[in-house]
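Chemist: Would you mind keeping the following structure in view while I ask a few things?
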Amino acid sequence: MFKAVIFDFDGVITDSEVLHLRAFNKSLEPFGVGLTTKEYYQNYLGFSDFDCYKTLIDNGLLKVGRERIGEIIKQKSAIFEELTKTEGRMIEGVHEFLVMLQDNGVPMAICSGSLLVEIELMLDEANLRHFFKTIVSAEQVKKGKPDPEGFLLTLEKLNDGCAVPINADQCVVIEDSHWGLEAGNAAGMHTIAVTNSYDAGQLTMAEKVVARLSDLSMDDLRQLCA
């Protein structure tokens, strides 16, 4: 039985992946490091900020100690915030889909590798915050995607105060990357991919792939969890 939807944020609700790449590169400039678009989408897009910088350090590209990651993340977050004020936008079809779920009484949550301040900034500017019962962000988990920790924590928060708990297999996860889909599958949830960041051929681990969220119906969601 279908009971809830858990969304990734960047690349699913907001068209912000390119802004994250620009913010990453701006924060890396003082260290003489930069990521190409191909490198970012192939190797880093699904990571939290911490895991992205940690991987760069571990690979010998960013030559600083891990103790400086927090400082660099703060700089990147400030850059990203400025970019979103002028260039952030919601993906077409998202609002219609959220309204459909709300009209059908479906609880909604976000599980993202982004920071909470970044997520809430964009949701508030788009007037979408009220749709989501809970948000789980990068700073709330120890392991980012593809680890299922974030999705399991999101489900725990969705169940807070519920008389009848929602089971993992009653949740639909919506993602734009294989990292997120792996995490959703590992959490025992059903998965849908949207082709906002990768083409359908790279998202085959999803149970269903769509071009935009407004292509989905309530029947589609119910059938996944049947």
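We label chains A, B, ... in the order they appear in the structure tokens, count residues from 1 in each chain, and number ligands from 1 in the order shown.
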Neighbouring residues of range 116-132 of chain A were defined as those with any atom within 12 Å, considering only C-alpha atoms; residues of the same chain fewer than 4 positions away were excluded. Please report them as a PyMOL selection string.
Modeler: chain A and resi 4-10+13-16+19-20+48-49+73-74+76-91+94-103+105-112+136-141+154+157-158
Chemist: Which residue out of A:Tyr53, A:Phe151, A:Phe24, A:Tyr40 has the minimum interatomic distance to Val173 in chain A when only C-alpha atoms are used?
Modeler: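 Looking only at the distances to Val173 in chain A, the closest residue turns out to be A:Phe151.
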Chemist: When DSSP works through the backbone of this structure, what residues of range 60-163 of chain A end up as alpha helix (DSSP H), shown as a VMD selection string?
Modeler: chain A and resid 69 to 87 94 to 103 116 to 125 149 to 158
Chemist: Nearest residue to Arg68 in chain A out of A:Ser197, A:Ala186, A:Leu155, A:Phe31, using only C-alpha atoms?
Modeler: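 Result for the nearest residue to Arg68 in chain A: A:Phe31.
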Chemist: Between A:Asp58, A:Asp147, A:Asp51, A:Glu17, which one has atoms that come closest to Glu182 in chain A, using only C-alpha atoms?
Modeler: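 The shortest atom-to-atom distance to Glu182 in chain A comes from A:Asp147.
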Chemist: Figure out the distance between CA of Ala23 in chain A and CA of Gly65 in chain A, please, to one decimal in Å.
Modeler: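 Atom-to-atom, CA of Gly65 in chain A and CA of Ala23 in chain A are spaced 20.3 Å apart.
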Chemist: Could you please determine the separation between CA of Leu35 in chain A and CA of Val64 in chain A in Å, to one decimal place?
Modeler: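 Going from CA of Leu35 in chain A over to CA of Val64 in chain A covers 16.5 Å.
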Chemist: Rank nothing, just name the residue among A:Gly46, A:Gly60, A:Gly113, A:Pro30 nearest to Gln75 in chain A, using only C-alpha atoms.
Modeler: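 Among the listed residues, A:Pro30 lies closest to Gln75 in chain A.
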Chemist: Considering only strand (DSSP E or B) as DSSP defines it on the backbone, what residues of range 26-226 of chain A qualify? List them as a PDB file with C-alpha atoms, in the first residue's frame.
Modeler:
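File written: selection_25.pdb
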ATOM      1  CA  MET A  90      11.957  25.075  -9.402  1.00  0.00           C
ATOM      2  CA  MET A 108       5.855  14.266   1.819  1.00  0.00           C
ATOM      3  CA  ALA A 109       9.455  14.607   2.973  1.00  0.00           C
ATOM      4  CA  ILE A 110      12.853  15.603   1.618  1.00  0.00           C
ATOM      5  CA  CYS A 111      16.060  13.611   2.053  1.00  0.00           C
ATOM      6  CA  THR A 134      10.056  16.784   7.414  1.00  0.00           C
ATOM      7  CA  ILE A 135      13.454  17.519   5.871  1.00  0.00           C
ATOM      8  CA  VAL A 136      16.559  15.422   6.443  1.00  0.00           C
ATOM      9  CA  CYS A 171       7.303   4.722   0.538  1.00  0.00           C
ATOM     10  CA  VAL A 172       8.215   5.981  -2.920  1.00  0.00           C
ATOM     11  CA  VAL A 173      11.622   7.651  -3.269  1.00  0.00           C
ATOM     12  CA  ILE A 174      12.106  10.118  -6.139  1.00  0.00           C
ATOM     13  CA  GLU A 175      15.701  10.690  -7.226  1.00  0.00           C
ATOM     14  CA  HIS A 190      10.278   1.869  -4.115  1.00  0.00           C
ATOM     15  CA  THR A 191      12.156   4.148  -6.519  1.00  0.00           C
ATOM     16  CA  ILE A 192      11.291   6.562  -9.311  1.00  0.00           C
ATOM     17  CA  ALA A 193      13.914   8.453 -11.319  1.00  0.00           C
ATOM     18  CA  VAL A 194      13.476  11.754 -13.136  1.00  0.00           C
ATOM     19  CA  LYS A 208      10.061   3.701 -13.043  1.00  0.00           C
ATOM     20  CA  VAL A 209      11.708   6.535 -14.998  1.00  0.00           C
ATOM     21  CA  VAL A 210       9.913   9.739 -16.026  1.00  0.00           C
TER      22      VAL A 210
END
Chemist: Near Val33 in chain A, within 7 Å and counting only C-alpha atoms, which residues show up once chain neighbours fewer than 2 positions away are dropped, as JSON, numbers by chain?
Modeler: {"A": [28, 29, 31, 61, 62]}
Chemist: In Å to one decimal, how far is CA of Asn25 in chain A from CA of Ile72 in chain A?
Modeler: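 Here the two named atoms are 11.2 Å from each other.
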Chemist: With only C-alpha atoms as the basis for distance, which of A:Gly188, A:Gly93, A:Gly150, A:Gly201 is at the shortest distance from Ser114 in chain A?
Modeler: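 Looking at the shortest contact to Ser114 in chain A, the residue is A:Gly150.
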Chemist: Give me the residues within 9 Å of Arg222 in chain A as a ChimeraX atom specification, counting only C-alpha atoms and dropping any in the same chain fewer than 4 places off.
Modeler: /A:1-3,217-218,226
Chemist: Okay, now the selection with all heavy atoms, as a PDB file, in the first residue's frame?
Modeler:
ATOM      1  N   MET A   1       0.838  -1.199   0.000  1.00  0.00           N
ATOM      2  CA  MET A   1       0.000   0.000   0.000  1.00  0.00           C
ATOM      3  C   MET A   1       0.876   1.253   0.000  1.00  0.00           C
ATOM      4  O   MET A   1       1.823   1.348   0.770  1.00  0.00           O
ATOM      5  CB  MET A   1      -0.919   0.022   1.224  1.00  0.00           C
ATOM      6  CG  MET A   1      -1.840   1.235   1.292  1.00  0.00           C
ATOM      7  SD  MET A   1      -2.854   1.267   2.779  1.00  0.00           S
ATOM      8  CE  MET A   1      -3.909  -0.141   2.470  1.00  0.00           C
ATOM      9  N   PHE A   2       0.562   2.187  -0.873  1.00  0.00           N
ATOM     10  CA  PHE A   2       1.318   3.430  -0.999  1.00  0.00           C
ATOM     11  C   PHE A   2       0.907   4.422   0.079  1.00  0.00           C
ATOM     12  O   PHE A   2      -0.280   4.715   0.236  1.00  0.00           O
ATOM     13  CB  PHE A   2       1.060   4.019  -2.388  1.00  0.00           C
ATOM     14  CG  PHE A   2       1.498   5.451  -2.545  1.00  0.00           C
ATOM     15  CD1 PHE A   2       2.814   5.816  -2.338  1.00  0.00           C
ATOM     16  CD2 PHE A   2       0.580   6.437  -2.902  1.00  0.00           C
ATOM     17  CE1 PHE A   2       3.215   7.141  -2.484  1.00  0.00           C
ATOM     18  CE2 PHE A   2       0.965   7.752  -3.055  1.00  0.00           C
ATOM     19  CZ  PHE A   2       2.288   8.109  -2.845  1.00  0.00           C
ATOM     20  N   LYS A   3       1.923   4.959   0.824  1.00  0.00           N
ATOM     21  CA  LYS A   3       1.586   5.865   1.924  1.00  0.00           C
ATOM     22  C   LYS A   3       2.379   7.169   1.966  1.00  0.00           C
ATOM     23  O   LYS A   3       1.950   8.123   2.605  1.00  0.00           O
ATOM     24  CB  LYS A   3       1.755   5.141   3.260  1.00  0.00           C
ATOM     25  CG  LYS A   3       0.672   4.121   3.554  1.00  0.00           C
ATOM     26  CD  LYS A   3       0.751   3.678   5.002  1.00  0.00           C
ATOM     27  CE  LYS A   3      -0.388   2.735   5.368  1.00  0.00           C
ATOM     28  NZ  LYS A   3      -0.302   2.322   6.792  1.00  0.00           N
ATOM     29  N   SER A 217       0.893   9.777 -12.043  1.00  0.00           N
ATOM     30  CA  SER A 217      -0.464   9.819 -11.490  1.00  0.00           C
ATOM     31  C   SER A 217      -0.489   9.093 -10.148  1.00  0.00           C
ATOM     32  O   SER A 217       0.456   8.375  -9.792  1.00  0.00           O
ATOM     33  CB  SER A 217      -1.447   9.140 -12.443  1.00  0.00           C
ATOM     34  OG  SER A 217      -1.173   7.746 -12.518  1.00  0.00           O
ATOM     35  N   MET A 218      -1.563   9.253  -9.408  1.00  0.00           N
ATOM     36  CA  MET A 218      -1.722   8.511  -8.161  1.00  0.00           C
ATOM     37  C   MET A 218      -1.728   7.010  -8.432  1.00  0.00           C
ATOM     38  O   MET A 218      -1.182   6.233  -7.652  1.00  0.00           O
ATOM     39  CB  MET A 218      -3.007   8.934  -7.459  1.00  0.00           C
ATOM     40  CG  MET A 218      -2.956  10.325  -6.840  1.00  0.00           C
ATOM     41  SD  MET A 218      -1.666  10.498  -5.565  1.00  0.00           S
ATOM     42  CE  MET A 218      -2.226   9.294  -4.360  1.00  0.00           C
ATOM     43  N   ALA A 226       1.934  -1.776  -4.733  1.00  0.00           N
ATOM     44  CA  ALA A 226       0.884  -2.808  -4.638  1.00  0.00           C
ATOM     45  C   ALA A 226       1.475  -4.156  -4.216  1.00  0.00           C
ATOM     46  O   ALA A 226       2.604  -4.481  -4.590  1.00  0.00           O
ATOM     47  CB  ALA A 226       0.177  -2.926  -5.971  1.00  0.00           C
TER      48      ALA A 226
END
Chemist: Just checking: using only C-alpha atoms, which residue out of A:Lys63, A:Pro146, A:Asn159, A:Arg22 ends up closest to Trp179 in chain A?
Modeler: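 Answer, going by the shortest atom-to-atom distance: A:Pro146.
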